[in-house]
Amino acid sequence: MLEDIDPNKIEDPYARKCVVALIKLGEEQYEQIRLLREHNQLLRDEIARLKGQQGKPDIKPNKPAVDHSSEAQRRMPTVWQKKPKRDFLPVTRTCDIPLDLSLLPSDLEFKGYEEFPVQDLKLVWENICFRRAKFYSPSTQQTYLAPLPKGYDSHFGPGLQSLALWLGYAGNMSQAAIHALLTCAGVSISTGQVNRLLVEGQDRFHQESQAVLLAGLSCCPWANVDDTSTRVNGRHEHCHVLGNPLLSFYHTAPRKDRQAVLSALCGGKARTYLCNSAALAYMQIQGLGKPDRKRLQELPQDTLLSEAALGEFLGTLLPHLKPKQITTIHEGMAIAAYQAQQEFPALQLLVCDGAGQFVWLTLERALCWIHDGRHYAKLMPRLSAHEKLLEDFQKEYWDFYKELLTYQKVPTAVEAVRLEEKFDTLFARVSGYDALDDRIQKTRAHKDELLMVLRHPEIPLHNNAAELAARRRVRKRDVSFGPRSELGKSCWDTFMTLSATAAKLGVNFYHYLKDRLSETGEIPPLAALIHERAAQLNLGASWEAA
């Protein structure tokens with residue numbers, strides 16, 4: 001019956017105060033007991049594994065899983081109507097079907113035809129034998145051979161290579177499944193050759209992936225960023241995803257710290273380090289001692305250093321440093337080098353979740369409202385009164401979110417001031433439910449990052465784009481587990497970058513692959529398409545105005 005108690009209905013102030021205090025204590029104890037039970041079960045499972053047994057199986061209950069999604073609360077109703085396909089499907093073959101008139105009335109009148117479109121697909125195997133003219137010159141003692149057509153530099157044509165690449169990186173098929181499909185179609189190919197088609201000789205695509213990143217960063221001053229775990233030859237690594245409306249870029253690195261994110265922002269290039277006032281200020285904020293910072297001023301100032309050169313300097317100047325101090329120095333100098341380098345344009349703003357590795361990298365940072373809202377969905381009040389408080393606050397939370405969406409369409413200075421004042425009012429509330437009030441205070445502490453949209457209306461309010469891009473790697477990982485070599489890792493990153501970017505640009509990825517492999521040149525470079533699309537969009541209006 002504890003869940004039905006409503007302290008507000010108690011008339012005696014002293015009794016109400018006592019009941020509220022007891023309820024708070026009960027909520028805290030309930031949460032503490034829940035956490036201790038989970039921790040105790042983990043310890044029991046670990047003890048069982050050490051004894052050579054198995055832990056408690058993770059069997060999901062029959063009841064529906066807890067849903068922390070905010071989709072229903074923040075969805076904006078839209079009118080949708082299915083579009084007809086006849087209007088844009090070209091007819092490749094027309095087949096007239098006659099009617100048997102022998103058993104029908106004799107007074108029939110022909111009224112034309114009724115059309116019934118059908119889509120079909122043919123997977124046709126073709127084995128081409130190129131007969132190359134061959135001549136020999138006695139005077140030069142050389143043999144002259146007619147060159148092969150473009151794209152036919154191996155025993156597998158561009159159509160087959162394009163299909164294998166599409167199935168592997170856009171279709172998320174395993175190499176075994178690709179081999180099975182090709183052999184079913186009549187192709188004589190080994191599993192090793194399928195692997196070579198997917199991994200080897202992809203320099204042209206690696207170069208275009210780098211050009212795509214450079215073009216995307218130069219056309220847009222902000223980006224979504226996220227990461228997800230992955231495995232490379234059995235080792236645990238992390239895939240960093242960087243994106244905006246023009247591109248999605250994938251970069252896999254052994255770590256997920258700030259330096260790994262900086263490496264992704266620079267296309268995976270070797271990290272460089274720079275000692276200047278900005279780097280020393282970062283080190284001061286992170287707690288590096290004044291004597292150590294003073295010694296660091298003996299480093300070449302405003303000069304880019306390689307990792308080996310920096311390590312040599314630190315070994316000479318500060319041999320006593322602890323690992324955490326070395327990390328602070330590396331991070332500060334890496335951030336300074338990133339903001340000073342010219343090869344890849346330094347971003348002005350990151351849209352991300354609250355993970356620590358995304359802090360300090362850019363001049364500004366915008367936090368994801370959906371990530372923040374999930375913390376409220378994870379609260380588990382025991383009292384119906386607290387459930388009502390949480391439900392009412394969540395409704396106001398997502399109503400405010402919808403107002404921000406409306407502001408993005410028609411941003412004005414007056415509306416920005418009103419929304420900021422409303423934020424202050426909404427997140428200054430004290431409900432009496434301690435867990436909710438603590439969460440409200442944490443949201444209020446990130447006011448500047450959550451309301452960054454008032455300064456830059458063109459940025460998104462959430463990080464869904466990066467999360468969905470990371471989910472593509474998760475789906476690929478579920479099927480193929482992970483690449484087995486550094487070359488395979490770079491191919492995973494490159495082709496997932498090109499596939500996702502082509503989709504954003506409206507380019508058919510299979511046609512793109514075949515165009516590149518056959519060297520027809522009908523599809524422009526994706527970097528050029530990014531610049532064309534950027535001219536149509538308004539991705540950095542607030543920065544240009546400033």
# chains A, B, ... in the order shown; residues from 1 in each chain; ligands from 1

$ residues_around --residues "Pro291 in chain A" --least-positions-apart "4" --cutoff "12 Å" --atoms "only C-alpha atoms" --output "JSON, numbers by chain"
{"A": [280, 283, 284, 287, 295, 296, 297, 298, 317, 318, 321]}

$ atom_distance --atom1 "CA of His155 in chain A" --atom2 "CA of Arg196 in chain A"
12.4 Å

$ closest_atom_pairs --of "range 226-312 of chain A" --to "range 360-374 of chain A" --cutoff "10 Å" --atoms "only C-alpha atoms" --output "Markdown table"
| residue | atom | partner | partner_atom | distance |
| --- | --- | --- | --- | --- |
| A:Arg258 | CA | A:Leu361 | CA | 7.5 |
| A:Gln259 | CA | A:Leu361 | CA | 9.3 |
| A:Val261 | CA | A:Leu361 | CA | 8.6 |
| A:Leu262 | CA | A:Leu361 | CA | 7.5 |
| A:Leu265 | CA | A:Leu361 | CA | 9.9 |
| A:Tyr282 | CA | A:Trp360 | CA | 8.4 |

$ select_by_dssp --residues "range 347-492 of chain A" --states "strand (DSSP E)" --output "tab-separated table (two decimals) with C-alpha atoms, in the first residue's frame"
chain	number	residue	atom	x	y	z
A	349	LEU	CA	31.22	22.75	-32.51
A	350	LEU	CA	30.47	19.11	-31.71
A	351	VAL	CA	26.95	17.74	-31.16
A	352	CYS	CA	27.40	14.78	-28.83
A	364	GLU	CA	31.68	25.03	-28.46
A	365	ARG	CA	29.75	21.88	-27.62
A	366	ALA	CA	26.05	21.04	-27.90
A	367	LEU	CA	24.55	18.22	-25.85

$ residues_around --residues "Phe249 in chain A" --least-positions-apart "3" --cutoff "7 Å" --atoms "only C-alpha atoms" --output "PDB file with C-alpha atoms, in the first residue's frame"
ATOM      1  CA  LEU A 213      36.047  14.000 -45.075  1.00  0.00           C
ATOM      2  CA  VAL A 241      31.637   8.080 -36.204  1.00  0.00           C
ATOM      3  CA  LEU A 242      31.693  11.668 -37.418  1.00  0.00           C
ATOM      4  CA  GLY A 243      28.901  13.161 -39.493  1.00  0.00           C
ATOM      5  CA  THR A 497      32.103   6.025 -45.102  1.00  0.00           C
TER       6      THR A 497
END

$ residues_around --residues "range 224-239 of chain A" --least-positions-apart "2" --cutoff "8 Å" --atoms "only C-alpha atoms" --output "MDAnalysis selection string"
chainID A and resid 222 241:244 250:256 350:353 463 465:467 470 473:474 477 481:486 489

$ residues_around --residues "Phe130 in chain A" --least-positions-apart "5" --cutoff "12 Å" --atoms "only C-alpha atoms" --output "list in words"
Leu145, Ala146, Pro147, Leu148, Pro149, Tyr152, Asp153, Ser154, His155 and Gly157 of chain A

$ write_last_selection --atoms "C-alpha atoms" --output "tab-separated table (two decimals), in the first residue's frame"
chain	number	residue	atom	x	y	z
A	145	LEU	CA	49.39	-6.78	-77.14
A	146	ALA	CA	46.03	-5.00	-77.39
A	147	PRO	CA	45.09	-3.45	-74.02
A	148	LEU	CA	42.09	-4.70	-72.07
A	149	PRO	CA	39.02	-2.45	-71.72
A	152	TYR	CA	38.87	-5.43	-66.78
A	153	ASP	CA	42.33	-5.59	-65.25
A	154	SER	CA	41.60	-8.85	-63.39
A	155	HIS	CA	39.76	-12.09	-64.09
A	157	GLY	CA	34.80	-7.91	-64.03

$ select_by_dssp --residues "range 250-351 of chain A" --states "alpha helix (DSSP H)" --output "ChimeraX atom specification"
/A:258-265,277-285,290-296,307-317,323-340

$ write_last_selection --atoms "C-alpha atoms" --output "PDB file, in the first residue's frame"
ATOM      1  CA  ARG A 258      40.260  12.549 -26.666  1.00  0.00           C
ATOM      2  CA  GLN A 259      43.307  11.822 -28.778  1.00  0.00           C
ATOM      3  CA  ALA A 260      41.436   9.058 -30.626  1.00  0.00           C
ATOM      4  CA  VAL A 261      38.573  11.466 -31.381  1.00  0.00           C
ATOM      5  CA  LEU A 262      41.099  14.039 -32.631  1.00  0.00           C
ATOM      6  CA  SER A 263      42.588  11.368 -34.866  1.00  0.00           C
ATOM      7  CA  ALA A 264      39.129  10.747 -36.355  1.00  0.00           C
ATOM      8  CA  LEU A 265      38.665  14.491 -36.923  1.00  0.00           C
ATOM      9  CA  SER A 277      49.487  29.093 -24.517  1.00  0.00           C
ATOM     10  CA  ALA A 278      46.285  27.151 -25.255  1.00  0.00           C
ATOM     11  CA  ALA A 279      47.965  23.823 -24.499  1.00  0.00           C
ATOM     12  CA  LEU A 280      49.425  25.151 -21.220  1.00  0.00           C
ATOM     13  CA  ALA A 281      46.032  26.565 -20.211  1.00  0.00           C
ATOM     14  CA  TYR A 282      44.442  23.143 -20.751  1.00  0.00           C
ATOM     15  CA  MET A 283      47.131  21.513 -18.615  1.00  0.00           C
ATOM     16  CA  GLN A 284      46.501  24.038 -15.856  1.00  0.00           C
ATOM     17  CA  ILE A 285      42.759  23.298 -15.892  1.00  0.00           C
ATOM     18  CA  LYS A 290      53.130  24.901 -12.239  1.00  0.00           C
ATOM     19  CA  PRO A 291      56.776  23.636 -12.131  1.00  0.00           C
ATOM     20  CA  ASP A 292      55.973  21.023 -14.801  1.00  0.00           C
ATOM     21  CA  ARG A 293      54.221  23.598 -16.970  1.00  0.00           C
ATOM     22  CA  LYS A 294      57.197  25.925 -16.632  1.00  0.00           C
ATOM     23  CA  ARG A 295      59.581  23.209 -17.804  1.00  0.00           C
ATOM     24  CA  LEU A 296      57.322  22.525 -20.784  1.00  0.00           C
ATOM     25  CA  GLU A 307      54.812  11.660 -31.061  1.00  0.00           C
ATOM     26  CA  ALA A 308      58.368  10.308 -31.044  1.00  0.00           C
ATOM     27  CA  ALA A 309      59.894  13.786 -30.769  1.00  0.00           C
ATOM     28  CA  LEU A 310      57.542  14.734 -27.925  1.00  0.00           C
ATOM     29  CA  GLY A 311      58.388  11.531 -26.069  1.00  0.00           C
ATOM     30  CA  GLU A 312      62.096  12.262 -26.402  1.00  0.00           C
ATOM     31  CA  PHE A 313      61.641  15.820 -25.089  1.00  0.00           C
ATOM     32  CA  LEU A 314      59.528  14.678 -22.136  1.00  0.00           C
ATOM     33  CA  GLY A 315      62.034  11.975 -21.254  1.00  0.00           C
ATOM     34  CA  THR A 316      64.709  14.662 -21.032  1.00  0.00           C
ATOM     35  CA  LEU A 317      62.771  17.531 -19.448  1.00  0.00           C
ATOM     36  CA  PRO A 323      51.072   8.245 -16.619  1.00  0.00           C
ATOM     37  CA  LYS A 324      48.142  10.574 -15.854  1.00  0.00           C
ATOM     38  CA  GLN A 325      50.375  13.637 -16.181  1.00  0.00           C
ATOM     39  CA  ILE A 326      51.785  12.374 -19.475  1.00  0.00           C
ATOM     40  CA  THR A 327      48.223  11.875 -20.747  1.00  0.00           C
ATOM     41  CA  THR A 328      47.307  15.448 -19.753  1.00  0.00           C
ATOM     42  CA  ILE A 329      50.332  16.834 -21.617  1.00  0.00           C
ATOM     43  CA  HIS A 330      49.613  14.754 -24.707  1.00  0.00           C
ATOM     44  CA  GLU A 331      45.946  15.784 -24.724  1.00  0.00           C
ATOM     45  CA  GLY A 332      46.654  19.489 -24.287  1.00  0.00           C
ATOM     46  CA  MET A 333      49.287  19.577 -27.011  1.00  0.00           C
ATOM     47  CA  ALA A 334      47.226  17.375 -29.361  1.00  0.00           C
ATOM     48  CA  ILE A 335      44.196  19.679 -29.009  1.00  0.00           C
ATOM     49  CA  ALA A 336      46.391  22.728 -29.635  1.00  0.00           C
ATOM     50  CA  ALA A 337      47.888  21.065 -32.729  1.00  0.00           C
ATOM     51  CA  TYR A 338      44.439  20.169 -34.062  1.00  0.00           C
ATOM     52  CA  GLN A 339      43.135  23.707 -33.688  1.00  0.00           C
ATOM     53  CA  ALA A 340      46.268  25.123 -35.363  1.00  0.00           C
TER      54      ALA A 340
END

$ closest_residue --among "A:Gly186, A:Lys24, A:Tyr512, A:Ala133" --to "Asp437 in chain A" --atoms "only C-alpha atoms"
A:Lys24

$ atom_distance --atom1 "CA of Leu498 in chain A" --atom2 "CA of Gly267 in chain A"
13.5 Å

$ closest_residue --among "A:Ala416, A:Trp543, A:Gly171, A:Lys402" --to "Ser480 in chain A" --atoms "only C-alpha atoms"
A:Gly171

$ residues_around --residues "Leu217 in chain A" --least-positions-apart "3" --cutoff "9 Å" --atoms "only C-alpha atoms" --output "PyMOL selection string"
chain A and resi 212-214+220-223+244+247+265+344-347

$ atom_distance --atom1 "CA of Leu274 in chain A" --atom2 "CA of Gly356 in chain A"
21.7 Å

$ closest_residue --among "A:Gln342, A:Ser209, A:Thr92, A:Asn40" --to "Ser499 in chain A" --atoms "only C-alpha atoms"
A:Ser209

$ closest_residue --among "A:Ala377, A:Val410, A:Leu121, A:Leu163" --to "Gln73 in chain A" --atoms "only C-alpha atoms"
A:Ala377

$ residues_around --residues "Ala215 in chain A" --least-positions-apart "2" --cutoff "8 Å" --atoms "only C-alpha atoms" --output "PDB file with N, CA and C atoms, in the first residue's frame"
ATOM      1  N   ALA A 211      39.109  12.450 -49.213  1.00  0.00           N
ATOM      2  CA  ALA A 211      38.617  13.663 -49.883  1.00  0.00           C
ATOM      3  C   ALA A 211      37.210  14.011 -49.413  1.00  0.00           C
ATOM      4  N   VAL A 212      36.387  12.989 -49.159  1.00  0.00           N
ATOM      5  CA  VAL A 212      35.029  13.202 -48.651  1.00  0.00           C
ATOM      6  C   VAL A 212      35.071  13.879 -47.290  1.00  0.00           C
ATOM      7  N   LEU A 213      35.943  13.396 -46.405  1.00  0.00           N
ATOM      8  CA  LEU A 213      36.047  14.000 -45.075  1.00  0.00           C
ATOM      9  C   LEU A 213      36.506  15.447 -45.169  1.00  0.00           C
ATOM     10  N   LEU A 217      34.138  18.569 -43.889  1.00  0.00           N
ATOM     11  CA  LEU A 217      34.551  19.450 -42.798  1.00  0.00           C
ATOM     12  C   LEU A 217      34.709  20.887 -43.261  1.00  0.00           C
ATOM     13  N   SER A 218      35.137  21.079 -44.501  1.00  0.00           N
ATOM     14  CA  SER A 218      35.333  22.437 -45.002  1.00  0.00           C
ATOM     15  C   SER A 218      34.013  23.143 -45.303  1.00  0.00           C
ATOM     16  N   CYS A 219      32.935  22.368 -45.474  1.00  0.00           N
ATOM     17  CA  CYS A 219      31.641  22.954 -45.831  1.00  0.00           C
ATOM     18  C   CYS A 219      30.714  23.133 -44.632  1.00  0.00           C
ATOM     19  N   ALA A 527      33.297  14.283 -53.233  1.00  0.00           N
ATOM     20  CA  ALA A 527      33.698  15.557 -52.641  1.00  0.00           C
ATOM     21  C   ALA A 527      33.104  16.726 -53.415  1.00  0.00           C
ATOM     22  N   ALA A 528      33.070  16.606 -54.755  1.00  0.00           N
ATOM     23  CA  ALA A 528      32.466  17.670 -55.565  1.00  0.00           C
ATOM     24  C   ALA A 528      30.967  17.765 -55.305  1.00  0.00           C
ATOM     25  N   ILE A 530      29.516  17.033 -52.534  1.00  0.00           N
ATOM     26  CA  ILE A 530      29.357  17.627 -51.204  1.00  0.00           C
ATOM     27  C   ILE A 530      29.397  19.143 -51.303  1.00  0.00           C
ATOM     28  N   HIS A 531      30.327  19.673 -52.081  1.00  0.00           N
ATOM     29  CA  HIS A 531      30.415  21.132 -52.241  1.00  0.00           C
ATOM     30  C   HIS A 531      29.151  21.671 -52.925  1.00  0.00           C
TER      31      HIS A 531
END

$ decode --residues "range 359-395 of chain A" --atoms "C-alpha atoms" --output "tab-separated table (two decimals), in the first residue's frame"
chain	number	residue	atom	x	y	z
A	359	VAL	CA	34.98	17.90	-23.99
A	360	TRP	CA	37.58	20.61	-24.79
A	361	LEU	CA	38.06	19.50	-28.40
A	362	THR	CA	36.17	22.39	-30.01
A	363	LEU	CA	35.35	25.93	-29.04
A	364	GLU	CA	31.68	25.03	-28.46
A	365	ARG	CA	29.75	21.88	-27.62
A	366	ALA	CA	26.05	21.04	-27.90
A	367	LEU	CA	24.55	18.22	-25.85
A	368	CYS	CA	21.86	15.82	-27.02
A	369	TRP	CA	18.40	16.43	-25.55
A	370	ILE	CA	17.39	12.82	-26.13
A	371	HIS	CA	20.36	11.52	-24.14
A	372	ASP	CA	19.45	13.88	-21.32
A	373	GLY	CA	15.80	12.83	-21.47
A	374	ARG	CA	16.71	9.15	-21.10
A	375	HIS	CA	17.91	9.82	-17.56
A	376	TYR	CA	14.37	10.83	-16.59
A	377	ALA	CA	12.94	7.72	-18.25
A	378	LYS	CA	15.25	5.54	-16.15
A	379	LEU	CA	13.93	6.86	-12.83
A	380	MET	CA	11.89	4.24	-10.97
A	381	PRO	CA	9.67	5.90	-8.35
A	382	ARG	CA	7.88	3.63	-5.88
A	383	LEU	CA	5.01	5.99	-5.00
A	384	SER	CA	2.15	6.82	-7.34
A	385	ALA	CA	2.51	10.46	-6.29
A	386	HIS	CA	6.13	10.44	-7.43
A	387	GLU	CA	5.16	8.70	-10.65
A	388	LYS	CA	2.67	11.50	-11.31
A	389	LEU	CA	5.33	14.14	-10.60
A	390	LEU	CA	7.72	12.44	-13.00
A	391	GLU	CA	5.06	12.00	-15.69
A	392	ASP	CA	4.00	15.65	-15.49
A	393	PHE	CA	7.58	16.90	-15.63
A	394	GLN	CA	8.44	14.70	-18.61
A	395	LYS	CA	5.46	16.13	-20.49
